[in-house]
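With compact mmCIF, C-alpha atoms and all ligand atoms inside, this is input-v4.txt:
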# COMPACT_ATOMS: atom_id res chain seq x y z
CA MET V 1 -25.61 46.80 -13.55
CA GLN V 2 -22.49 48.68 -12.56
CA LEU V 3 -20.21 48.18 -15.55
CA VAL V 4 -21.20 47.39 -19.11
CA THR V 5 -18.79 46.31 -21.80
CA VAL V 6 -19.17 45.71 -25.51
CA GLY V 7 -16.61 43.89 -27.64
CA THR V 8 -15.80 40.61 -29.30
CA VAL V 9 -16.34 37.21 -27.70
CA ALA V 10 -14.34 34.93 -29.90
CA PHE V 11 -12.20 31.96 -30.78
CA ASP V 12 -8.50 32.61 -31.40
CA ARG V 13 -5.67 30.68 -33.02
CA ILE V 14 -2.39 31.93 -31.62
CA GLU V 15 1.23 31.27 -32.49
CA THR V 16 4.04 32.64 -30.36
CA PRO V 17 7.75 31.76 -30.45
CA PHE V 18 7.00 29.52 -27.48
CA GLY V 19 3.92 27.61 -28.54
CA LYS V 20 0.75 27.40 -30.51
CA VAL V 21 -2.96 26.85 -29.84
CA ASP V 22 -5.54 26.13 -32.54
CA LYS V 23 -8.74 27.26 -30.92
CA VAL V 24 -9.02 28.95 -27.56
CA VAL V 25 -11.66 31.29 -26.21
CA GLY V 26 -10.69 34.93 -26.62
CA GLY V 27 -12.21 38.24 -27.63
CA ALA V 28 -11.85 41.69 -26.16
CA ALA V 29 -15.08 41.61 -24.14
CA THR V 30 -14.20 38.19 -22.71
CA TYR V 31 -10.93 39.49 -21.28
CA ILE V 32 -12.47 42.81 -20.17
CA SER V 33 -15.37 41.24 -18.31
CA LEU V 34 -13.29 38.49 -16.68
CA ALA V 35 -10.73 41.02 -15.45
CA ALA V 36 -13.39 43.42 -14.17
CA SER V 37 -15.24 40.61 -12.40
CA PHE V 38 -12.48 40.42 -9.77
CA PHE V 39 -13.71 43.80 -8.48
CA THR V 40 -17.43 44.02 -9.18
CA ASP V 41 -20.36 41.62 -9.45
CA GLY V 42 -22.31 43.91 -11.72
CA VAL V 43 -20.63 43.36 -15.10
CA GLY V 44 -22.93 43.20 -18.12
CA LEU V 45 -21.53 41.88 -21.40
CA VAL V 46 -22.83 43.02 -24.79
CA SER V 47 -21.76 40.88 -27.73
CA VAL V 48 -22.74 38.09 -30.06
CA VAL V 49 -21.53 34.50 -30.47
CA GLY V 50 -22.49 31.53 -32.62
CA GLU V 51 -23.95 28.23 -31.54
CA ASP V 52 -20.38 26.89 -31.42
CA PHE V 53 -19.39 28.96 -28.38
CA PRO V 54 -18.88 26.68 -25.36
CA GLU V 55 -21.69 26.66 -22.81
CA GLU V 56 -19.01 25.78 -20.24
CA THR V 57 -17.24 29.13 -20.74
CA MET V 58 -20.53 31.01 -20.48
CA ASN V 59 -21.31 29.19 -17.23
CA GLU V 60 -17.86 30.02 -15.89
CA MET V 61 -18.48 33.68 -16.68
CA ARG V 62 -21.88 33.58 -14.98
CA ARG V 63 -20.28 32.00 -11.91
CA ARG V 64 -18.01 35.03 -11.76
CA GLY V 65 -21.02 37.34 -11.67
CA ILE V 66 -20.86 38.36 -15.33
CA ASP V 67 -24.35 38.95 -16.69
CA LEU V 68 -24.83 37.53 -20.18
CA LYS V 69 -28.29 38.90 -20.97
CA GLY V 70 -26.57 41.17 -23.48
CA LEU V 71 -24.78 38.25 -25.17
CA GLU V 72 -26.78 37.07 -28.14
CA VAL V 73 -26.31 33.46 -29.27
CA LEU V 74 -27.11 33.05 -32.96
CA LYS V 75 -28.32 29.62 -33.98
CA GLY V 76 -26.60 27.97 -36.92
CA LYS V 77 -23.82 30.58 -37.01
CA GLU V 78 -20.16 30.64 -36.04
CA SER V 79 -18.42 32.89 -33.54
CA PHE V 80 -15.89 35.57 -34.48
CA PHE V 81 -12.51 33.98 -35.20
CA TRP V 82 -9.09 35.59 -35.15
CA ALA V 83 -5.67 34.08 -35.85
CA GLY V 84 -2.43 35.82 -35.06
CA ARG V 85 1.30 35.20 -34.92
CA TYR V 86 3.71 36.95 -32.57
CA HIS V 87 7.28 37.76 -33.47
CA TYR V 88 10.23 37.13 -31.17
CA ASP V 89 9.62 40.69 -29.95
CA MET V 90 6.16 39.97 -28.67
CA ASN V 91 5.13 43.62 -28.82
CA SER V 92 4.44 43.05 -32.49
CA ARG V 93 2.15 40.53 -34.13
CA ASP V 94 0.65 39.75 -37.51
CA THR V 95 -3.01 39.02 -38.02
CA LEU V 96 -3.17 35.84 -40.11
CA GLU V 97 -6.91 35.56 -40.38
CA THR V 98 -10.07 37.34 -39.25
CA ARG V 99 -13.44 35.70 -39.79
CA LEU V 100 -16.13 38.13 -38.72
CA ASN V 101 -18.91 35.50 -38.82
CA VAL V 102 -21.60 36.57 -36.27
CA LEU V 103 -19.96 39.96 -35.81
CA LEU V 104 -21.60 41.00 -39.08
CA ASP V 105 -24.93 40.70 -37.26
CA LEU V 106 -23.95 42.64 -34.15
CA ASP V 107 -26.54 45.37 -33.74
CA PRO V 108 -26.85 45.59 -29.98
CA GLU V 109 -30.08 46.41 -28.15
CA LEU V 110 -29.05 46.84 -24.54
CA PRO V 111 -31.10 45.09 -21.85
CA GLU V 112 -33.00 47.72 -19.84
CA GLU V 113 -30.93 47.20 -16.67
CA TYR V 114 -27.67 47.84 -18.55
CA ARG V 115 -28.67 51.33 -19.70
CA SER V 116 -28.13 53.11 -16.42
CA ALA V 117 -24.70 51.59 -15.62
CA GLN V 118 -22.19 54.10 -14.27
CA TYR V 119 -19.25 52.59 -16.16
CA LEU V 120 -19.03 51.76 -19.84
CA MET V 121 -16.09 50.07 -21.54
CA LEU V 122 -16.25 50.25 -25.33
CA GLY V 123 -13.97 47.43 -26.51
CA ASN V 124 -12.32 47.53 -29.91
CA LEU V 125 -15.11 47.25 -32.49
CA ASP V 126 -16.72 49.10 -35.38
CA PRO V 127 -17.16 52.68 -34.06
CA ALA V 128 -20.76 52.61 -35.37
CA VAL V 129 -21.49 49.80 -32.90
CA GLN V 130 -19.63 51.60 -30.10
CA ALA V 131 -21.71 54.72 -30.81
CA LYS V 132 -24.93 52.73 -30.79
CA VAL V 133 -24.14 51.33 -27.34
CA LEU V 134 -23.17 54.74 -25.95
CA GLU V 135 -26.39 56.30 -27.32
CA GLN V 136 -28.52 53.77 -25.46
CA MET V 137 -27.02 54.63 -22.08
CA SER V 138 -29.23 56.91 -20.02
CA PRO V 139 -28.19 58.88 -18.10
CA ARG V 140 -24.72 59.11 -19.60
CA PRO V 141 -22.35 56.89 -17.55
CA ALA V 142 -20.03 58.58 -15.06
CA MET V 143 -17.05 57.07 -16.88
CA VAL V 144 -16.74 55.92 -20.49
CA VAL V 145 -13.50 54.27 -21.60
CA MET V 146 -12.82 53.28 -25.19
CA ASP V 147 -10.34 51.12 -27.09
CA THR V 148 -9.86 51.08 -30.86
CA MET V 149 -7.30 50.05 -33.48
CA ASN V 150 -5.56 51.18 -36.68
CA PHE V 151 -8.11 49.32 -38.85
CA TRP V 152 -10.86 51.78 -37.82
CA MET V 153 -8.55 54.77 -38.24
CA ASP V 154 -7.96 53.64 -41.83
CA SER V 155 -11.53 52.72 -42.69
CA ALA V 156 -13.94 54.80 -40.56
CA LEU V 157 -12.04 57.81 -39.23
CA GLU V 158 -14.96 60.22 -39.11
CA LYS V 159 -17.24 57.83 -37.20
CA LEU V 160 -14.35 56.98 -34.92
CA GLU V 161 -13.66 60.65 -34.15
CA ASN V 162 -17.33 61.15 -33.26
CA VAL V 163 -17.14 58.40 -30.64
CA ILE V 164 -13.77 59.60 -29.33
CA ALA V 165 -15.31 63.06 -28.83
CA ASN V 166 -17.77 61.54 -26.36
CA VAL V 167 -15.59 59.38 -24.13
CA ASP V 168 -13.70 60.21 -20.94
CA ILE V 169 -10.67 58.01 -21.49
CA LEU V 170 -9.19 56.63 -24.68
CA ALA V 171 -6.94 53.60 -24.04
CA ILE V 172 -4.89 52.62 -27.09
CA ASN V 173 -1.35 51.44 -27.84
CA ASP V 174 1.56 53.69 -28.75
CA ALA V 175 1.46 52.99 -32.50
CA GLU V 176 -2.26 53.76 -32.54
CA ALA V 177 -1.76 57.02 -30.60
CA ARG V 178 0.87 58.07 -33.13
CA GLN V 179 -1.34 57.20 -36.08
CA LEU V 180 -4.42 58.92 -34.66
CA SER V 181 -2.56 62.12 -33.85
CA GLY V 182 0.03 62.19 -36.63
CA GLU V 183 2.63 62.95 -33.94
CA HIS V 184 5.62 60.80 -33.07
CA SER V 185 6.13 62.33 -29.64
CA LEU V 186 3.64 60.69 -27.28
CA VAL V 187 3.43 63.94 -25.31
CA LYS V 188 2.33 65.83 -28.41
CA ALA V 189 0.09 62.92 -29.43
CA ALA V 190 -1.61 63.02 -26.03
CA LYS V 191 -2.29 66.77 -26.30
CA LYS V 192 -3.84 66.36 -29.74
CA ILE V 193 -5.94 63.37 -28.75
CA MET V 194 -7.22 65.03 -25.57
CA ALA V 195 -8.17 68.05 -27.70
CA MET V 196 -10.43 65.63 -29.64
CA GLY V 197 -12.56 65.07 -26.52
CA PRO V 198 -11.22 62.63 -23.90
CA THR V 199 -10.13 64.02 -20.54
CA TYR V 200 -7.43 61.35 -20.27
CA LEU V 201 -5.36 59.24 -22.60
CA VAL V 202 -3.91 55.89 -21.64
CA VAL V 203 -1.10 54.71 -23.91
CA LYS V 204 -0.40 50.98 -23.64
CA LYS V 205 3.16 50.00 -24.49
CA GLY V 206 3.06 46.22 -24.09
CA GLU V 207 6.02 44.94 -22.12
CA HIS V 208 7.15 48.55 -21.65
CA GLY V 209 4.18 49.46 -19.48
CA ALA V 210 1.56 52.17 -19.81
CA LEU V 211 1.30 55.96 -19.63
CA LEU V 212 -1.61 57.98 -18.29
CA PHE V 213 -1.92 61.55 -19.56
CA SER V 214 -4.16 64.34 -18.32
CA ASP V 215 -3.90 67.96 -19.47
CA ASP V 216 -1.22 68.77 -16.91
CA ARG V 217 0.07 65.47 -15.54
CA VAL V 218 1.57 62.24 -16.71
CA PHE V 219 1.99 58.94 -14.88
CA PHE V 220 3.99 55.89 -15.93
CA ALA V 221 3.39 52.31 -14.85
CA PRO V 222 5.92 49.67 -15.87
CA ALA V 223 4.94 46.19 -16.93
CA LEU V 224 6.12 43.53 -14.53
CA PRO V 225 9.23 41.79 -15.89
CA LEU V 226 7.93 38.24 -16.24
CA GLU V 227 10.12 35.16 -16.31
CA ASP V 228 7.98 33.58 -19.03
CA ILE V 229 5.65 35.37 -21.40
CA VAL V 230 3.63 32.69 -23.12
CA ASP V 231 0.97 34.71 -24.95
CA PRO V 232 0.26 38.46 -24.78
CA THR V 233 -3.13 38.14 -26.52
CA GLY V 234 -5.76 39.96 -24.53
CA ALA V 235 -3.29 41.75 -22.27
CA GLY V 236 -4.56 45.16 -23.41
CA ASP V 237 -8.17 44.18 -22.80
CA THR V 238 -7.37 42.57 -19.47
CA PHE V 239 -5.60 45.78 -18.51
CA ALA V 240 -8.69 47.80 -19.46
CA GLY V 241 -11.02 45.44 -17.60
CA GLY V 242 -8.94 45.56 -14.42
CA PHE V 243 -8.68 49.35 -14.71
CA MET V 244 -12.46 49.74 -15.10
CA GLY V 245 -13.31 47.14 -12.48
CA PHE V 246 -11.13 48.92 -9.94
CA LEU V 247 -12.71 52.31 -10.75
CA ALA V 248 -16.19 50.82 -10.48
CA ARG V 249 -15.27 49.25 -7.14
CA THR V 250 -13.80 52.43 -5.66
CA GLY V 251 -15.99 55.06 -7.35
CA ASP V 252 -13.14 57.55 -7.15
CA HIS V 253 -12.15 59.22 -10.43
CA SER V 254 -9.34 61.40 -9.11
CA PHE V 255 -6.00 61.32 -10.91
CA GLU V 256 -4.46 59.60 -7.86
CA ASN V 257 -7.01 56.79 -8.09
CA LEU V 258 -6.64 56.51 -11.86
CA LYS V 259 -2.96 55.84 -11.13
CA ARG V 260 -3.94 53.00 -8.80
CA ALA V 261 -6.32 51.65 -11.43
CA ILE V 262 -3.48 51.64 -13.96
CA ILE V 263 -1.36 49.54 -11.59
CA VAL V 264 -4.21 47.12 -10.95
CA GLY V 265 -4.81 46.82 -14.72
CA SER V 266 -1.10 46.18 -15.28
CA ALA V 267 -1.07 43.50 -12.57
CA LEU V 268 -3.97 41.68 -14.21
CA ALA V 269 -2.42 41.99 -17.66
CA SER V 270 0.77 40.39 -16.35
CA PHE V 271 -1.19 37.28 -15.32
CA CYS V 272 -2.92 37.15 -18.70
CA CYS V 273 0.44 36.76 -20.48
CA GLU V 274 1.50 33.73 -18.44
CA ARG V 275 -0.68 31.21 -20.32
CA PHE V 276 -2.53 31.05 -23.63
CA GLY V 277 -5.94 32.70 -23.85
CA ILE V 278 -7.95 33.19 -20.67
CA GLU V 279 -6.45 30.16 -18.89
CA ARG V 280 -4.42 32.09 -16.32
CA LEU V 281 -7.20 34.56 -15.54
CA LEU V 282 -9.39 31.62 -14.56
CA GLN V 283 -6.76 30.32 -12.12
CA ILE V 284 -6.06 33.41 -10.05
CA GLU V 285 -7.83 34.92 -7.07
CA ARG V 286 -8.00 38.36 -5.52
CA GLU V 287 -5.08 37.55 -3.18
CA ASP V 288 -2.85 36.77 -6.19
CA ILE V 289 -3.70 40.18 -7.62
CA ASP V 290 -2.96 41.89 -4.31
CA ARG V 291 0.44 40.18 -4.12
CA ARG V 292 1.26 41.24 -7.63
CA VAL V 293 0.27 44.83 -6.95
CA GLN V 294 2.75 44.72 -4.08
CA GLU V 295 5.44 43.55 -6.53
CA PHE V 296 4.69 46.61 -8.65
CA ILE V 297 5.10 48.86 -5.65
CA GLU V 298 8.48 47.31 -4.94
CA LEU V 299 9.52 47.40 -8.59
CA VAL V 300 9.41 51.18 -8.77
CA ASP V 301 10.24 52.03 -5.17
CA PHE V 302 13.48 53.90 -4.77
CA ASP V 303 14.96 56.47 -2.51
CA ILE V 304 17.32 59.09 -3.80
CA GLU V 305 19.20 61.93 -2.26
CA LEU V 306 20.42 64.39 -4.80
CA VAL V 307 24.07 65.20 -4.42
CA ALA V 308 24.63 68.78 -3.38
CA ASP V 309 27.24 70.92 -5.22
P1 LIG P 1 -5.56 42.43 -27.49
O1 LIG P 1 -4.44 41.42 -27.51
O2 LIG P 1 -5.82 42.99 -26.13
O3 LIG P 1 -5.44 43.45 -28.55
O4 LIG P 1 -6.91 41.62 -27.85
C1 LIG P 1 -6.91 40.42 -28.51
C2 LIG P 1 -8.33 39.94 -28.72
O5 LIG P 1 -8.99 40.79 -29.66
C3 LIG P 1 -8.35 38.54 -29.31
O6 LIG P 1 -8.84 37.63 -28.36
C4 LIG P 1 -9.24 38.63 -30.56
O7 LIG P 1 -10.27 37.69 -30.57
C5 LIG P 1 -9.79 40.03 -30.55
N1 LIG P 1 -9.67 40.66 -31.87
C6 LIG P 1 -8.74 40.45 -32.83
N2 LIG P 1 -8.97 41.20 -33.92
C7 LIG P 1 -10.08 41.93 -33.65
C8 LIG P 1 -10.84 42.90 -34.39
N3 LIG P 1 -10.51 43.27 -35.63
N4 LIG P 1 -11.90 43.47 -33.79
C9 LIG P 1 -12.24 43.10 -32.54
N5 LIG P 1 -11.59 42.19 -31.80
C10 LIG P 1 -10.52 41.60 -32.34
Could you render the structure as structure tokens?
Amino acid sequence: MQLVTVGTVAFDRIETPFGKVDKVVGGAATYISLAASFFTDGVGLVSVVGEDFPEETMNEMRRRGIDLKGLEVLKGKESFFWAGRYHYDMNSRDTLETRLNVLLDLDPELPEEYRSAQYLMLGNLDPAVQAKVLEQMSPRPAMVVMDTMNFWMDSALEKLENVIANVDILAINDAEARQLSGEHSLVKAAKKIMAMGPTYLVVKKGEHGALLFSDDRVFFAPALPLEDIVDPTGAGDTFAGGFMGFLARTGDHSFENLKRAIIVGSALASFCCERFGIERLLQIEREDIDRRVQEFIELVDFDIELVAD
């Protein structure tokens, strides 16, 4: 296995100003693994679902080379369920309902062939579960990326800090970076967070793009201005999956290549927003991604000659 991810595999109910769906497949690990599968065949998924999770979706994932040995199916139980509503400014949303269901039983034992993967993506989950997955990896992966959310900062800060101390890249949104660091300035926030352990910090800013910080450099990738944003659910996870998949494919962890991975992640995230749930990700092919990466290049390409005095 090249890349292992742990996170939710779920059903979502989503309301946006432009539409509503009652029950679509979602979950952080679903988006991460689908996005990564465009770049590598060796994606292993660690999660748990109930008997209600569609066999059809699991088969579609398998067809894309995603290994589901790490996905437990619990008989007689229901999958994780999340309901959310987006405001007109789709960078903000309210959680209307969270039913943990099978997630309460998630106590992952990694299949043997997952343990030596070079890339590990810890999706947003209880930091105790993230830690348990990381501990089972041997040798330590070459690259560990982690997502989290305010809920864990409020309820399990110490455990969360212990996991953060052991990852290479933390990828969170701007509000989360501010909360975790207690700093409003994202530059100061990045310094504080990198002092907690990670070598890099990725700050996701929704439709305003993403920032990549290292100790002495910063890179900004815009989000592609889309004509229609239908549903941003999963964009952050799709970004992370594309980012990781590209790193796993290229094996190059230089800052220059991390920049490319950020663009690839942003390109994938832009597709994710064009339909509800995972629908759009299932429609696209590698060539669509390549074309969109080219649009990013053009979006930020400019030539300037500074005016002399
Ligand atoms: P994103 O929009 O990238 O933050 O991810 C959205 C996905 O995260 C949805 O498909 C949900 O099923 C899942 N999700 C929502 N709340 C949680 C939670 N508390 N823990 C883990 N996953 C969640």
Near Pro232 (chain V), counting only C-alpha atoms, which residues have an atom at most 12 Å away, once you skip same-chain residues fewer than 6 positions from it, shown as a PDB file with C-alpha atoms, in the frame of the given file?
ATOM      1  CA  ILE V  14      -2.390  31.930 -31.620  1.00  0.00           C
ATOM      2  CA  GLU V  15       1.230  31.270 -32.490  1.00  0.00           C
ATOM      3  CA  THR V  16       4.040  32.640 -30.360  1.00  0.00           C
ATOM      4  CA  PRO V  17       7.750  31.760 -30.450  1.00  0.00           C
ATOM      5  CA  PHE V  18       7.000  29.520 -27.480  1.00  0.00           C
ATOM      6  CA  GLY V  26     -10.690  34.930 -26.620  1.00  0.00           C
ATOM      7  CA  TYR V  31     -10.930  39.490 -21.280  1.00  0.00           C
ATOM      8  CA  GLY V  84      -2.430  35.820 -35.060  1.00  0.00           C
ATOM      9  CA  ARG V  85       1.300  35.200 -34.920  1.00  0.00           C
ATOM     10  CA  TYR V  86       3.710  36.950 -32.570  1.00  0.00           C
ATOM     11  CA  HIS V  87       7.280  37.760 -33.470  1.00  0.00           C
ATOM     12  CA  TYR V  88      10.230  37.130 -31.170  1.00  0.00           C
ATOM     13  CA  ASP V  89       9.620  40.690 -29.950  1.00  0.00           C
ATOM     14  CA  MET V  90       6.160  39.970 -28.670  1.00  0.00           C
ATOM     15  CA  ASN V  91       5.130  43.620 -28.820  1.00  0.00           C
ATOM     16  CA  SER V  92       4.440  43.050 -32.490  1.00  0.00           C
ATOM     17  CA  ARG V  93       2.150  40.530 -34.130  1.00  0.00           C
ATOM     18  CA  LYS V 205       3.160  50.000 -24.490  1.00  0.00           C
ATOM     19  CA  GLY V 206       3.060  46.220 -24.090  1.00  0.00           C
ATOM     20  CA  GLU V 207       6.020  44.940 -22.120  1.00  0.00           C
ATOM     21  CA  ALA V 223       4.940  46.190 -16.930  1.00  0.00           C
ATOM     22  CA  LEU V 226       7.930  38.240 -16.240  1.00  0.00           C
ATOM     23  CA  THR V 238      -7.370  42.570 -19.470  1.00  0.00           C
ATOM     24  CA  PHE V 239      -5.600  45.780 -18.510  1.00  0.00           C
ATOM     25  CA  LEU V 268      -3.970  41.680 -14.210  1.00  0.00           C
ATOM     26  CA  ALA V 269      -2.420  41.990 -17.660  1.00  0.00           C
ATOM     27  CA  SER V 270       0.770  40.390 -16.350  1.00  0.00           C
ATOM     28  CA  PHE V 271      -1.190  37.280 -15.320  1.00  0.00           C
ATOM     29  CA  CYS V 272      -2.920  37.150 -18.700  1.00  0.00           C
ATOM     30  CA  CYS V 273       0.440  36.760 -20.480  1.00  0.00           C
ATOM     31  CA  GLU V 274       1.500  33.730 -18.440  1.00  0.00           C
ATOM     32  CA  ARG V 275      -0.680  31.210 -20.320  1.00  0.00           C
ATOM     33  CA  PHE V 276      -2.530  31.050 -23.630  1.00  0.00           C
ATOM     34  CA  GLY V 277      -5.940  32.700 -23.850  1.00  0.00           C
ATOM     35  CA  ILE V 278      -7.950  33.190 -20.670  1.00  0.00           C
ATOM     36  CA  ARG V 280      -4.420  32.090 -16.320  1.00  0.00           C
TER      37      ARG V 280
END
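Here the selection is built from all atoms listed in the file, and the residues within 7 Å of (-8.5, 62.6, -32.6) turn out to be Glu161, Ile164, Leu180, Ser181, Lys192, Ile193 and Met196 of chain V.
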| query | Once you count only C-alpha atoms and all ligand atoms, which residues end up within 6 Å of ligand LIG 1 (chain P), and could you hand them over as a ChimeraX atom specification? | reply | /V:8,10,12,26-28,82,124-125,233-237
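Using only C-alpha atoms, the contacts of Ser47 (chain V) at a cut-off of 9 Å, with sequence neighbours closer than 3 positions omitted, comprise Thr5, Val6, Gly7, Thr8, Val9, Ala29, Leu68, Gly70, Leu71, Glu72, Val73, Leu103, Leu106, Asp107 and Pro108 of chain V.
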| message | Using all atoms listed in the file, can you tell me which of V:Gly19, V:Ala131, V:Pro54, V:Arg64 comes closest to Leu281 (chain V)? | response |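 Once distances to Leu281 (chain V) are computed over all atoms listed in the file, the minimum belongs to V:Arg64.
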| said: Counting only C-alpha atoms, which residue out of V:Val230, V:Ala240, V:Ala189, V:Val4 sits closest to Gln136 (chain V)? | reply: V:Val4
Near Ala117 (chain V), within 6 Å and counting all atoms listed in the file, which residues show up once chain neighbours fewer than 2 positions away are dropped, as a compact mmCIF listing (two decimals) with C-alpha atoms, keeping the file's coordinate frame?
# COMPACT_ATOMS: atom_id res chain seq x y z
CA MET V 1 -25.61 46.80 -13.55
CA GLN V 2 -22.49 48.68 -12.56
CA LEU V 3 -20.21 48.18 -15.55
CA TYR V 114 -27.67 47.84 -18.55
CA ARG V 115 -28.67 51.33 -19.70
CA TYR V 119 -19.25 52.59 -16.16
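Among the candidates V:Val163, V:Leu34, V:Val133, V:Ala210, the one nearest to Met58 (chain V) when counting all atoms listed in the file is V:Leu34.
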| query | In Å to one decimal, how far is CA of Ile262 (chain V) from CA of Gln130 (chain V)? | reply |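 Pair CA of Gln130 (chain V) / CA of Ile262 (chain V) returns 22.8 Å.
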| query | Between V:Phe243, V:Glu135, V:Val307, V:Val264, which is the closest to Arg291 (chain V) once you count all atoms listed in the file? | reply |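 Looking only at the distances to Arg291 (chain V), the closest residue turns out to be V:Val264.
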| said: Using only C-alpha atoms, can you tell me which of V:Ala171, V:Lys69, V:Ala165, V:Phe302 comes closest to Met244 (chain V)? | reply: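 Residue with the minimum atom-to-atom distance to Met244 (chain V): V:Ala171.
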